[in-house]
Structures are given as C-alpha cells and as structure tokens.
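Below: protein.tsv (TSV, C-alpha atoms)
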```tsv
chain	number	residue	atom	x	y	z
A	1	MET	CA	5.57	-106.82	25.18
A	2	SER	CA	7.57	-110.10	25.46
A	3	ALA	CA	7.00	-112.69	28.11
A	4	PRO	CA	10.37	-112.08	29.80
A	5	GLY	CA	9.54	-108.43	29.98
A	6	LYS	CA	6.29	-109.19	31.66
A	7	ARG	CA	8.04	-111.38	34.18
A	8	ARG	CA	10.55	-108.68	34.89
A	9	ILE	CA	7.84	-106.06	35.41
A	10	GLY	CA	5.80	-108.44	37.46
A	11	GLY	CA	8.86	-109.39	39.44
A	12	HIS	CA	9.67	-105.75	40.02
A	13	PHE	CA	6.19	-104.86	41.28
A	14	GLY	CA	6.05	-108.11	43.18
A	15	ALA	CA	9.26	-107.18	44.92
A	16	ALA	CA	7.92	-103.75	45.72
A	17	LEU	CA	4.66	-105.26	47.01
A	18	GLY	CA	6.56	-107.78	49.03
A	19	ALA	CA	8.67	-105.03	50.50
A	20	SER	CA	5.55	-103.05	51.46
A	21	THR	CA	4.13	-106.01	53.36
A	22	LYS	CA	7.37	-106.67	55.22
A	23	ARG	CA	8.06	-103.29	56.67
A	24	GLN	CA	9.53	-104.68	59.88
A	25	ARG	CA	12.35	-106.37	57.97
A	26	ALA	CA	15.53	-104.27	58.02
A	27	GLY	CA	17.00	-102.97	54.77
A	28	TRP	CA	13.79	-103.15	52.73
A	29	ARG	CA	14.68	-100.03	50.80
A	30	ASP	CA	17.96	-101.65	49.66
A	31	GLU	CA	16.12	-104.73	48.40
A	32	VAL	CA	13.74	-102.65	46.35
A	33	GLU	CA	16.54	-100.55	44.90
A	34	GLU	CA	18.54	-103.66	43.93
A	35	ASP	CA	15.51	-105.10	42.11
A	36	ASP	CA	15.03	-101.80	40.26
A	37	VAL	CA	18.62	-101.77	39.07
A	38	ALA	CA	18.43	-105.37	37.87
A	39	ALA	CA	15.18	-104.78	36.03
A	40	ASN	CA	16.47	-101.66	34.30
A	41	THR	CA	19.66	-103.46	33.20
A	42	GLN	CA	17.75	-106.30	31.58
A	43	ALA	CA	15.29	-103.95	29.81
A	44	GLY	CA	18.12	-102.05	28.09
A	45	ASP	CA	18.69	-98.37	27.47
A	46	ASP	CA	15.89	-97.84	24.93
A	47	ASP	CA	13.21	-95.72	26.64
A	48	ASP	CA	10.71	-96.25	23.82
A	49	SER	CA	10.94	-100.07	23.97
A	50	GLU	CA	7.96	-101.95	25.23
A	51	GLU	CA	10.41	-103.83	27.45
A	52	ALA	CA	11.00	-100.65	29.50
A	53	VAL	CA	10.23	-100.99	33.17
A	54	LEU	CA	7.57	-98.63	34.57
A	55	ASP	CA	8.51	-96.32	37.46
A	56	PRO	CA	6.85	-97.71	40.62
A	57	GLY	CA	6.64	-94.18	42.12
A	58	THR	CA	7.61	-93.07	45.59
A	59	PRO	CA	8.34	-95.99	47.97
A	60	LEU	CA	5.88	-96.55	50.77
A	61	PRO	CA	6.91	-95.08	54.11
A	62	SER	CA	8.10	-97.21	56.98
A	63	GLU	CA	5.96	-97.93	60.02
A	64	GLU	CA	8.01	-95.51	62.08
A	65	GLU	CA	7.42	-92.74	59.50
A	66	GLU	CA	3.68	-93.48	59.37
A	67	GLU	CA	3.39	-93.30	63.16
A	68	ALA	CA	5.27	-90.02	63.16
A	69	GLU	CA	2.96	-88.66	60.44
A	70	LYS	CA	-0.16	-89.80	62.34
A	71	ALA	CA	1.15	-88.14	65.50
A	72	ALA	CA	1.65	-84.90	63.63
A	73	SER	CA	-1.57	-84.92	61.56
A	74	PRO	CA	-4.06	-84.02	64.38
A	75	GLU	CA	-2.20	-80.79	64.92
A	76	LYS	CA	-2.52	-79.95	61.21
A	77	VAL	CA	-6.23	-80.77	61.16
A	78	GLU	CA	-6.86	-78.67	64.22
A	79	THR	CA	-4.91	-75.83	62.72
A	80	ALA	CA	-6.92	-76.03	59.48
A	81	GLU	CA	-10.20	-76.09	61.39
A	82	ASP	CA	-9.17	-73.09	63.46
A	83	MET	CA	-8.27	-71.18	60.31
A	84	ALA	CA	-11.64	-72.07	58.76
A	85	LYS	CA	-13.47	-70.87	61.86
A	86	VAL	CA	-11.56	-67.59	61.86
A	87	ALA	CA	-12.31	-67.06	58.17
A	88	GLU	CA	-16.00	-67.85	58.73
A	89	ALA	CA	-16.20	-65.40	61.63
A	90	GLU	CA	-14.62	-62.67	59.48
A	91	ASP	CA	-17.13	-63.38	56.69
A	92	ASP	CA	-20.02	-63.12	59.18
A	93	LYS	CA	-18.76	-59.76	60.42
A	94	ALA	CA	-18.43	-58.45	56.87
A	95	GLN	CA	-21.92	-59.70	55.96
A	96	THR	CA	-23.38	-58.09	59.10
A	97	ALA	CA	-21.80	-54.76	58.20
A	98	ILE	CA	-23.18	-54.94	54.62
A	99	THR	CA	-26.65	-55.84	55.88
A	100	ALA	CA	-26.63	-52.92	58.33
A	101	VAL	CA	-25.73	-50.48	55.53
A	102	ASN	CA	-28.46	-51.86	53.27
A	103	GLU	CA	-31.06	-51.65	56.02
A	104	GLU	CA	-30.25	-47.98	56.54
A	105	LYS	CA	-30.80	-47.25	52.86
A	106	ALA	CA	-33.80	-49.47	52.12
A	107	PRO	CA	-37.31	-49.03	53.56
A	108	ALA	CA	-37.89	-51.19	56.63
A	109	THR	CA	-40.83	-53.31	57.63
A	110	THR	CA	-42.53	-53.07	60.99
A	111	ALA	CA	-40.14	-55.50	62.66
A	112	GLY	CA	-37.65	-53.80	64.96
A	113	GLU	CA	-38.80	-50.24	64.32
A	114	ALA	CA	-40.24	-49.42	67.74
A	115	ASN	CA	-39.05	-46.07	69.21
A	116	MET	CA	-37.50	-45.06	65.88
A	117	PRO	CA	-39.02	-42.23	63.78
A	118	ALA	CA	-40.62	-43.64	60.64
A	119	ALA	CA	-43.05	-42.53	57.93
A	120	PHE	CA	-45.59	-44.49	55.91
A	121	ASN	CA	-48.24	-43.81	53.27
A	122	LEU	CA	-52.00	-44.27	53.10
A	123	GLU	CA	-53.84	-44.23	49.79
A	124	VAL	CA	-57.10	-42.28	49.63
A	125	ILE	CA	-59.65	-43.93	47.33
A	126	VAL	CA	-63.00	-42.31	46.56
A	127	GLY	CA	-65.41	-44.69	44.87
A	128	LYS	CA	-63.02	-46.66	42.69
A	129	ASN	CA	-60.57	-43.86	42.00
A	130	LYS	CA	-57.36	-43.10	43.87
A	131	VAL	CA	-57.26	-39.37	44.57
A	132	GLY	CA	-53.89	-39.20	46.34
A	133	GLU	CA	-51.80	-40.37	49.28
A	134	LEU	CA	-51.27	-39.25	52.85
A	135	ARG	CA	-47.71	-39.38	54.17
A	136	ILE	CA	-47.73	-39.79	57.94
A	137	LEU	CA	-44.94	-39.58	60.51
A	138	LEU	CA	-44.80	-41.90	63.52
A	139	PRO	CA	-42.32	-40.11	65.86
A	140	PHE	CA	-41.82	-43.19	68.04
A	141	GLY	CA	-42.13	-45.88	65.41
A	142	VAL	CA	-44.63	-48.71	65.48
A	143	ASP	CA	-45.82	-50.51	68.59
A	144	SER	CA	-48.07	-53.58	68.59
A	145	ASP	CA	-51.18	-51.43	69.04
A	146	ILE	CA	-50.48	-49.24	66.00
A	147	GLU	CA	-49.53	-52.22	63.86
A	148	GLN	CA	-52.75	-54.01	64.75
A	149	ARG	CA	-54.88	-50.96	63.93
A	150	LEU	CA	-53.16	-50.40	60.59
A	151	SER	CA	-53.59	-54.05	59.64
A	152	ALA	CA	-57.30	-53.22	59.18
A	153	CYS	CA	-56.31	-50.92	56.30
A	154	VAL	CA	-54.93	-53.63	54.03
A	155	ALA	CA	-56.45	-53.56	50.53
A	156	PRO	CA	-58.83	-54.39	48.97
A	157	ASP	CA	-61.58	-54.28	51.62
A	158	GLY	CA	-59.91	-52.58	54.56
A	159	GLY	CA	-59.65	-48.97	55.63
A	160	SER	CA	-63.25	-48.02	54.95
A	161	VAL	CA	-64.15	-44.54	56.25
A	162	ASP	CA	-66.74	-45.07	58.99
A	163	PHE	CA	-67.72	-41.43	59.51
A	164	ILE	CA	-66.80	-37.84	58.73
A	165	VAL	CA	-68.00	-35.38	61.32
A	166	GLY	CA	-68.24	-31.85	59.93
A	167	GLN	CA	-64.82	-30.30	59.50
A	168	THR	CA	-63.31	-31.90	62.60
A	169	VAL	CA	-62.61	-35.64	62.38
A	170	CYS	CA	-62.68	-38.61	60.00
A	171	GLY	CA	-62.78	-42.13	61.45
A	172	PHE	CA	-61.75	-45.24	59.52
A	173	GLY	CA	-60.62	-48.84	59.92
A	174	GLY	CA	-63.39	-49.88	62.32
A	175	HIS	CA	-63.62	-46.72	64.41
A	176	ALA	CA	-66.91	-46.44	66.30
A	177	VAL	CA	-69.23	-43.70	65.04
A	178	PRO	CA	-69.58	-40.88	67.62
A	179	GLY	CA	-73.00	-40.82	69.26
A	180	GLN	CA	-74.06	-44.13	67.75
A	181	LYS	CA	-75.80	-46.40	70.22
A	182	GLU	CA	-74.18	-49.77	70.77
A	183	THR	CA	-76.54	-52.53	69.65
A	184	ASP	CA	-74.19	-55.44	70.24
A	185	LYS	CA	-73.52	-56.78	73.69
A	186	GLY	CA	-70.49	-55.37	75.41
A	187	PRO	CA	-67.39	-57.30	76.35
A	188	GLU	CA	-67.66	-59.89	79.08
A	189	GLU	CA	-66.00	-59.47	82.42
A	190	GLY	CA	-62.23	-59.38	82.03
A	191	GLU	CA	-62.49	-58.94	78.26
A	192	THR	CA	-61.33	-55.79	76.50
A	193	GLN	CA	-63.19	-54.21	73.61
A	194	GLU	CA	-60.42	-55.29	71.24
A	195	MET	CA	-60.83	-58.92	72.36
A	196	ALA	CA	-64.59	-58.68	72.00
A	197	ALA	CA	-64.09	-57.48	68.43
A	198	GLY	CA	-62.02	-60.58	67.65
A	199	LEU	CA	-58.65	-58.82	67.78
A	200	LEU	CA	-55.65	-60.14	69.63
A	201	PRO	CA	-54.93	-58.43	72.95
A	202	VAL	CA	-51.98	-56.05	72.88
A	203	GLU	CA	-49.94	-54.32	75.53
A	204	ALA	CA	-51.11	-50.86	76.53
A	205	PRO	CA	-48.86	-48.28	74.81
A	206	LYS	CA	-46.48	-46.36	77.03
A	207	ALA	CA	-46.88	-42.63	77.51
A	208	PRO	CA	-45.02	-40.79	74.73
A	209	GLU	CA	-41.90	-38.85	75.53
A	210	PRO	CA	-41.98	-35.05	75.20
A	211	VAL	CA	-41.10	-33.79	71.73
A	212	ALA	CA	-40.75	-30.40	70.12
A	213	ASN	CA	-44.33	-30.15	68.88
A	214	GLY	CA	-46.39	-30.11	72.06
A	215	PHE	CA	-49.49	-31.83	70.67
A	216	GLN	CA	-47.60	-35.14	70.67
A	217	SER	CA	-46.62	-35.12	74.33
A	218	ALA	CA	-49.79	-33.44	75.59
A	219	GLY	CA	-52.19	-35.40	73.39
A	220	LEU	CA	-53.69	-32.18	72.03
A	221	HIS	CA	-55.96	-32.32	69.00
A	222	CYS	CA	-55.42	-28.66	68.28
A	223	CYS	CA	-55.28	-28.62	64.48
A	224	ALA	CA	-55.94	-30.49	61.27
A	225	GLY	CA	-53.55	-33.14	60.02
A	226	LEU	CA	-53.09	-35.46	63.02
A	227	LEU	CA	-53.40	-39.25	63.02
A	228	THR	CA	-55.01	-40.35	66.28
A	229	ALA	CA	-56.39	-43.51	67.85
A	230	PRO	CA	-59.09	-44.12	70.48
A	231	ARG	CA	-57.76	-45.14	73.87
A	232	CYS	CA	-60.58	-47.65	74.16
A	233	GLY	CA	-61.82	-49.30	70.99
A	234	THR	CA	-60.57	-50.07	67.52
A	235	GLY	CA	-59.83	-48.04	64.41
A	236	LEU	CA	-58.04	-44.79	63.63
A	237	ALA	CA	-58.99	-41.17	62.98
A	238	LEU	CA	-57.69	-38.07	61.22
A	239	THR	CA	-58.33	-34.59	62.52
A	240	LEU	CA	-59.79	-32.35	59.82
A	241	GLY	CA	-59.69	-29.43	62.24
A	242	ALA	CA	-59.21	-28.64	65.91
A	243	ASP	CA	-61.27	-30.84	68.24
A	244	SER	CA	-60.40	-30.60	71.94
A	245	ALA	CA	-63.09	-33.20	72.78
A	246	LEU	CA	-60.71	-35.88	71.47
A	247	ASP	CA	-58.03	-35.04	74.03
A	248	SER	CA	-59.63	-37.22	76.71
A	249	THR	CA	-60.58	-40.14	74.44
A	250	HIS	CA	-57.78	-40.39	71.87
A	251	ARG	CA	-53.99	-40.41	71.75
A	252	VAL	CA	-52.12	-38.62	68.98
A	253	LEU	CA	-49.93	-40.99	66.94
A	254	GLY	CA	-48.26	-38.47	64.66
A	255	PRO	CA	-48.70	-35.68	62.10
A	256	VAL	CA	-49.64	-35.95	58.43
A	257	LEU	CA	-46.61	-34.68	56.51
A	258	SER	CA	-48.35	-34.21	53.16
A	259	GLY	CA	-51.76	-34.75	51.56
A	260	ARG	CA	-53.77	-31.52	51.65
A	261	ARG	CA	-55.46	-32.51	48.40
A	262	CYS	CA	-56.85	-35.63	50.07
A	263	PHE	CA	-57.99	-33.64	53.11
A	264	ARG	CA	-59.98	-31.26	50.93
A	265	ARG	CA	-61.82	-34.21	49.42
A	266	LEU	CA	-62.61	-35.74	52.80
A	267	GLN	CA	-64.01	-32.40	53.93
A	268	ALA	CA	-66.11	-32.11	50.76
A	269	LEU	CA	-67.68	-35.52	51.48
A	270	ALA	CA	-68.62	-34.73	55.09
A	271	PRO	CA	-72.38	-35.43	55.49
A	272	LEU	CA	-74.65	-32.64	56.74
A	273	SER	CA	-77.70	-34.60	57.90
A	274	LEU	CA	-79.08	-37.82	59.37
A	275	GLU	CA	-75.86	-39.79	59.89
A	276	ALA	CA	-72.15	-39.19	59.67
A	277	ARG	CA	-71.52	-41.96	57.15
A	278	PRO	CA	-70.29	-40.56	53.80
A	279	ARG	CA	-72.68	-41.36	50.93
A	280	VAL	CA	-69.79	-42.02	48.53
A	281	PRO	CA	-67.53	-44.98	49.50
A	282	VAL	CA	-64.18	-43.74	50.79
A	283	PHE	CA	-61.17	-45.86	51.79
A	284	LEU	CA	-57.87	-45.11	53.49
A	285	GLN	CA	-55.69	-48.08	52.62
A	286	LEU	CA	-52.09	-49.17	52.88
A	287	PRO	CA	-50.51	-49.37	49.41
A	288	LYS	CA	-50.69	-52.86	47.97
A	289	GLN	CA	-47.33	-54.66	47.99
A	290	GLU	CA	-46.00	-58.15	48.46
A	291	GLU	CA	-43.34	-59.31	50.86
A	292	GLU	CA	-40.81	-61.84	49.57
A	293	GLY	CA	-39.19	-64.81	51.22
A	294	VAL	CA	-42.15	-66.48	52.90
A	295	GLY	CA	-41.92	-70.16	52.01
A	296	GLY	CA	-41.25	-69.26	48.40
A	297	HIS	CA	-44.52	-67.36	48.08
A	298	GLY	CA	-45.17	-63.64	48.45
A	299	ARG	CA	-47.71	-62.35	50.97
A	300	GLN	CA	-49.29	-58.99	51.62
A	301	ALA	CA	-46.94	-56.89	53.72
A	302	PRO	CA	-49.09	-55.19	56.39
A	303	LEU	CA	-46.99	-52.06	56.69
A	304	ARG	CA	-43.99	-50.56	54.96
A	305	LEU	CA	-41.98	-48.02	56.94
A	306	GLU	CA	-39.38	-45.53	55.80
A	307	PRO	CA	-36.86	-44.23	58.37
A	308	TYR	CA	-37.39	-40.53	59.05
A	309	LYS	CA	-34.63	-38.10	59.96
A	310	GLU	CA	-36.53	-36.30	62.75
A	311	SER	CA	-38.98	-37.29	65.47
A	312	ALA	CA	-40.86	-33.98	65.47
A	313	ALA	CA	-42.61	-32.16	62.64
A	314	PRO	CA	-45.68	-29.95	62.32
A	315	PRO	CA	-48.65	-31.13	60.23
A	316	PHE	CA	-48.10	-30.79	56.48
A	317	ALA	CA	-44.42	-29.99	57.02
A	318	GLU	CA	-43.52	-31.32	53.56
A	319	GLU	CA	-46.21	-29.42	51.66
A	320	GLU	CA	-47.09	-25.76	51.21
A	321	GLU	CA	-50.67	-24.59	51.42
A	322	LYS	CA	-52.14	-22.97	48.33
A	323	ALA	CA	-53.67	-19.57	48.94
A	324	VAL	CA	-56.03	-19.97	45.98
A	325	LEU	CA	-56.99	-23.25	44.38
A	326	PRO	CA	-56.71	-23.49	40.59
A	327	PRO	CA	-60.10	-23.55	38.78
A	328	GLU	CA	-59.74	-27.18	37.67
A	329	GLU	CA	-59.25	-28.44	41.22
A	330	LEU	CA	-62.06	-26.30	42.56
A	331	LEU	CA	-64.47	-27.67	39.95
A	332	ASP	CA	-63.36	-31.23	40.74
A	333	LEU	CA	-64.08	-30.65	44.43
A	334	VAL	CA	-67.51	-29.20	43.65
A	335	ASP	CA	-68.34	-32.16	41.41
A	336	LEU	CA	-67.28	-34.59	44.14
A	337	GLU	CA	-69.28	-32.75	46.76
A	338	LEU	CA	-72.38	-32.87	44.56
A	339	SER	CA	-72.04	-36.65	44.37
A	340	GLY	CA	-72.16	-36.82	48.16
A	341	ARG	CA	-75.06	-34.37	48.40
A	342	ASP	CA	-77.00	-36.37	45.81
A	343	GLY	CA	-76.90	-39.46	48.02
A	344	GLU	CA	-77.73	-37.41	51.07
A	345	VAL	CA	-80.79	-35.85	49.43
A	346	ALA	CA	-81.95	-39.33	48.37
A	347	ASP	CA	-81.79	-40.44	52.04
A	348	LEU	CA	-83.72	-37.34	53.14
A	349	LYS	CA	-86.47	-38.17	50.65
A	350	GLN	CA	-86.86	-41.64	52.18
A	351	THR	CA	-87.05	-40.28	55.74
A	352	THR	CA	-90.38	-39.44	57.34
A	353	PHE	CA	-91.01	-35.83	58.18
A	354	SER	CA	-89.31	-34.80	61.43
A	355	ARG	CA	-87.33	-31.98	62.95
A	356	GLU	CA	-84.10	-33.82	62.19
A	357	ARG	CA	-85.02	-34.15	58.51
A	358	GLN	CA	-85.98	-30.49	58.28
A	359	GLN	CA	-82.71	-29.42	59.81
A	360	GLY	CA	-80.87	-31.58	57.30
A	361	VAL	CA	-82.77	-30.06	54.39
A	362	ASP	CA	-81.88	-26.56	55.54
A	363	LYS	CA	-78.19	-27.39	55.90
A	364	VAL	CA	-77.93	-28.99	52.47
A	365	GLU	CA	-79.70	-26.06	50.84
A	366	GLU	CA	-77.33	-23.60	52.49
A	367	VAL	CA	-74.26	-25.49	51.29
A	368	LEU	CA	-75.57	-25.80	47.74
A	369	HIS	CA	-76.18	-22.04	47.50
A	370	SER	CA	-72.64	-21.39	48.78
A	371	LEU	CA	-71.27	-23.86	46.25
A	372	LEU	CA	-73.02	-22.08	43.37
A	373	ALA	CA	-71.63	-18.74	44.53
A	374	ARG	CA	-68.08	-20.07	44.46
A	375	VAL	CA	-68.49	-21.49	40.98
A	376	GLU	CA	-69.96	-18.30	39.55
A	377	LYS	CA	-66.87	-16.32	40.64
A	378	LEU	CA	-64.57	-18.39	38.44
A	379	GLU	CA	-63.18	-16.42	35.50
A	380	GLY	CA	-60.93	-17.05	32.53
A	381	LEU	CA	-62.07	-20.65	32.02
A	382	ASP	CA	-61.34	-22.47	28.80
A	383	GLU	CA	-63.98	-24.37	26.88
A	384	THR	CA	-63.54	-27.61	28.84
A	385	LEU	CA	-63.71	-25.96	32.26
A	386	SER	CA	-66.64	-23.81	31.19
A	387	GLY	CA	-68.55	-26.93	30.23
A	388	GLN	CA	-67.71	-28.51	33.58
A	389	ARG	CA	-68.98	-25.42	35.40
A	390	VAL	CA	-72.30	-25.59	33.54
A	391	TRP	CA	-72.58	-29.25	34.48
A	392	VAL	CA	-72.11	-28.70	38.23
A	393	GLU	CA	-74.45	-25.71	38.21
A	394	GLU	CA	-77.19	-27.82	36.67
A	395	GLY	CA	-76.56	-30.56	39.23
A	396	ALA	CA	-76.77	-28.14	42.16
A	397	ASN	CA	-79.98	-26.52	40.88
A	398	ARG	CA	-81.58	-29.94	40.40
A	399	LEU	CA	-80.89	-30.86	44.04
A	400	LEU	CA	-82.26	-27.52	45.21
A	401	ARG	CA	-85.53	-28.20	43.38
A	402	VAL	CA	-85.84	-31.59	45.10
A	403	LEU	CA	-85.12	-30.09	48.52
A	404	LYS	CA	-87.74	-27.42	47.96
A	405	LYS	CA	-90.39	-30.12	47.74
A	406	LEU	CA	-89.30	-31.53	51.13
A	407	HIS	CA	-90.20	-28.41	53.09
```
What does the file become when written as structure tokens?
Amino acid sequence: MSAPGKRRIGGHFGAALGASTKRQRAGWRDEVEEDDVAANTQAGDDDDSEEAVLDPGTPLPSEEEEEAEKAASPEKVETAEDMAKVAEAEDDKAQTAITAVNEEKAPATTAGEANMPAAFNLEVIVGKNKVGELRILLPFGVDSDIEQRLSACVAPDGGSVDFIVGQTVCGFGGHAVPGQKETDKGPEEGETQEMAAGLLPVEAPKAPEPVANGFQSAGLHCCAGLLTAPRCGTGLALTLGADSALDSTHRVLGPVLSGRRCFRRLQALAPLSLEARPRVPVFLQLPKQEEEGVGGHGRQAPLRLEPYKESAAPPFAEEEEKAVLPPEELLDLVDLELSGRDGEVADLKQTTFSRERQQGVDKVEEVLHSLLARVEKLEGLDETLSGQRVWVEEGANRLLRVLKKLH
C-alpha cells in the first residue's frame, strides 16, 4: 500500500475517531460523510486495489441516542430476567411431575413412607445357605420404631434368631428369650430398655387404625405368619402358630405374604430340650444392597420398601399351601431337622442327670421315631432320593442309640 493511501486511510479513521470524541459538536455525521466521500474519490473505483479505503462500519451513536438506549435497557433486562424465571419455574414443575411418576414405579426407601402400605423382604439363612425369603406387608408403612428394629437385621451379622419356641414363635434381631432370667442390670431411672441397650430413643407408636383383618387392629396373635414386636424391649418375632399370650406383650406389625418354605424350616429347627436357642445358626436378614448418592460412595441401605396396593391381607395371601409336600422337600426338611437334633443330643450328653435332661431325652426320642415313620411312607423314589432316605434313616437311628444310653 502506498504512503498516500496510508495517509488517506489514517486520515479517514482519524476523522471518524475525532468525530466520536466530539459528539457535542453539531453536524458531526456530515463531517464524517464528507471525509468518506473524499477518501473514496482519491482511492479510485478499483475495489481490488490496495489503495481502497476500508469501511469504518456503523457510526457511533450520539450522546442523546446513548442516553435513550440506557433508559430503555433496564426494562429489557428486567423482561429477560422475568422470562428466565418463568421458564425455570416451568422446568421445576415438569421435573417434579417426572420425579413423582418415577417414585410411584420404583421401590421406595424408608423415607416418607409412614402410613402408606408397603412390603419388604427378609432372607432366611440356615448355616451359610440361603433357603428362601419372607415377603412381609406393613399395612401402615414404617415408623421410627419399626425402622430401628429392622436395622438390626442388616447383613452380615444381624438378624440372628435368638429362640424358637415349639411351633408358636420365633424371635430374632435381639429379642429377649422367653423365661430367661435377666443377668444384666436393668435400666436406670428414667431410662427405657431401648436406651439401656444402646439404641436411640424413639417415639411410642400410635395405636393402629382398624383394618379388614381383625388381628391388626386388635393385636391378636391368632395364627401363623405374623410379624410382631415386643411393646417393651428390642427385636422382632414371627408367629409360627397361634399364641394368645403374645397379645398383651407384643403388637402385630403385619402379615407374611409369602414364605411357607422358610416357615417349615424354622419349625424343623425348633429345639425340644434345655434351651430355646436353635443348635444350627439361623439368620433373618435384610437383602444386601447399596444406596447411591452418599458423598460419592455407596452405603448399606437399611430397608427397601415396595408400595403395596392394599393395607389389609391375610397371612400367606400370595402363596397357596401345599396339601402334600413333594418327597425331595420332605427329605430336605428331615435332613435339616436331624442337624438340629444332633446338636441338641450333644448338649444333653454334656448335661448332668436331672429331670429336665430326662424330659428332653424323651421328647427327642419321640420326634425321631415320628420322623422315621414319615420317611418310611415315601414311595416311588428315584435312585438319588432313595439314597438320601437311607442316609437320614441311618442318622436318626444313630441318635436314638445315643439317647438310649442317657436313660
């Protein structure tokens, strides 16, 4: 580009810059336009020439126009902000509606489920083997007392079965053994048993509302398949049969919807002598699962609830009772029962002679004879089941020989 051209361009932009700094001077637009015309005339008509003058763009506004624009701009900003707020509020409403739909479909945690029918599962573990699950209905949802009791059933060490009394009740999760003398000191004045056990105090549960199945409103322990809790003390219990003695000491929490297979195994492990503690380790535990969104790390979720359509249901409402057990299940039950009787006979051998021991020996002998009679009636067994029957018969006869020496 030639030197004159540079001066012309510089003069043109200098004129424009000078005009922008002298906005109060009248006719500044005319001055700029005159300079543009002069510069374009000197540069010639060739657009591709390096002497061509560059377009300075839109002229700067006058002071009056700037003041008018500033006066109008707050209204535009406010309008934009209002529109953004309205859009944000609409997005929040839409997100809330989506979340509500998802919560109805997905299983819920314990939070916010009070007074709403919900179901949950408990795994039944015998020794180291899971034998099934119990599905339990809570007609009025979870209160702080129920949640605290179930927190004792978190795997891997929680939910141990404390006792099984005959065919009536199974206590777990820290339930006191019936008839067992308290060796520890009781709670101090003003301290509840839960506080003495190191548990946080909770509000006393309200009386349940009447429902269709009368055992819930009346607190009746009139059948098997009820989850119940002591009114004073910790832990939980399952009714394995009718037990009216629990009406004054326990409150019914809800029915077991399914899990007869597990109940049969609990009944098979019920001790007959000395103490009510089962000789084979048994656990009723909440299924293991992790809860997301806690500081980036998962943690054990204490309880997982599933909304239930009704607040009233009879025990085992989701499962039909088998009139006759198949041979394979019957043999499994007998084998499991023999494991419990084996430990029980070992305890009887270590006990000094007494009336209590003699009564225990008689009861175990009676049950073993009944067990052999049931096994002998099985017919049409294949080779595998026939071998299993021989095995349990030999085990039962061995225990009978040991018991005979204890008379």
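Nearest-residue note for A:Ser151: choosing from A:Ala346, A:Leu381, A:Leu236, A:Val375, the minimum distance belongs to A:Leu236, counting only C-alpha atoms.
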Please write as an MDAnalysis selection string the list of polymer residues whose atoms come within 12 Å of (-80.6, -29.1, 41.1), counting all atoms listed in the file and keeping to the coordinates of the file. chainID A and resid 338:339 341:342 345 364:365 368:369 371:372 390:405
Figure out the distance between atom CA of A:Ala118 and atom CA of A:Arg261, please, to one decimal in Å. 22.2 Å
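When atom CA of A:Ala229 is paired with atom CA of A:Leu274, their separation reads 24.9 Å.
Atom pair atom CA of A:Gly340 / atom CA of A:Gln358: separated by 18.3 Å.
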Name all residues at most 12 Å from A:Glu328 (count all atoms listed in the file; drop same-chain ones fewer than 6 positions away) and give them as an mmCIF file with C-alpha atoms, keeping the file's coordinate frame.
```cif
data_model
loop_
_atom_site.group_PDB
_atom_site.id
_atom_site.type_symbol
_atom_site.label_atom_id
_atom_site.label_comp_id
_atom_site.auth_asym_id
_atom_site.auth_seq_id
_atom_site.Cartn_x
_atom_site.Cartn_y
_atom_site.Cartn_z
ATOM 1 C CA VAL A 334 -67.510 -29.200 43.650
ATOM 2 C CA ASP A 335 -68.340 -32.160 41.410
ATOM 3 C CA VAL A 375 -68.490 -21.490 40.980
ATOM 4 C CA LEU A 378 -64.570 -18.390 38.440
ATOM 5 C CA GLU A 379 -63.180 -16.420 35.500
ATOM 6 C CA GLY A 380 -60.930 -17.050 32.530
ATOM 7 C CA LEU A 381 -62.070 -20.650 32.020
ATOM 8 C CA ASP A 382 -61.340 -22.470 28.800
ATOM 9 C CA GLU A 383 -63.980 -24.370 26.880
ATOM 10 C CA THR A 384 -63.540 -27.610 28.840
ATOM 11 C CA LEU A 385 -63.710 -25.960 32.260
ATOM 12 C CA SER A 386 -66.640 -23.810 31.190
ATOM 13 C CA GLY A 387 -68.550 -26.930 30.230
ATOM 14 C CA GLN A 388 -67.710 -28.510 33.580
ATOM 15 C CA ARG A 389 -68.980 -25.420 35.400
#
```
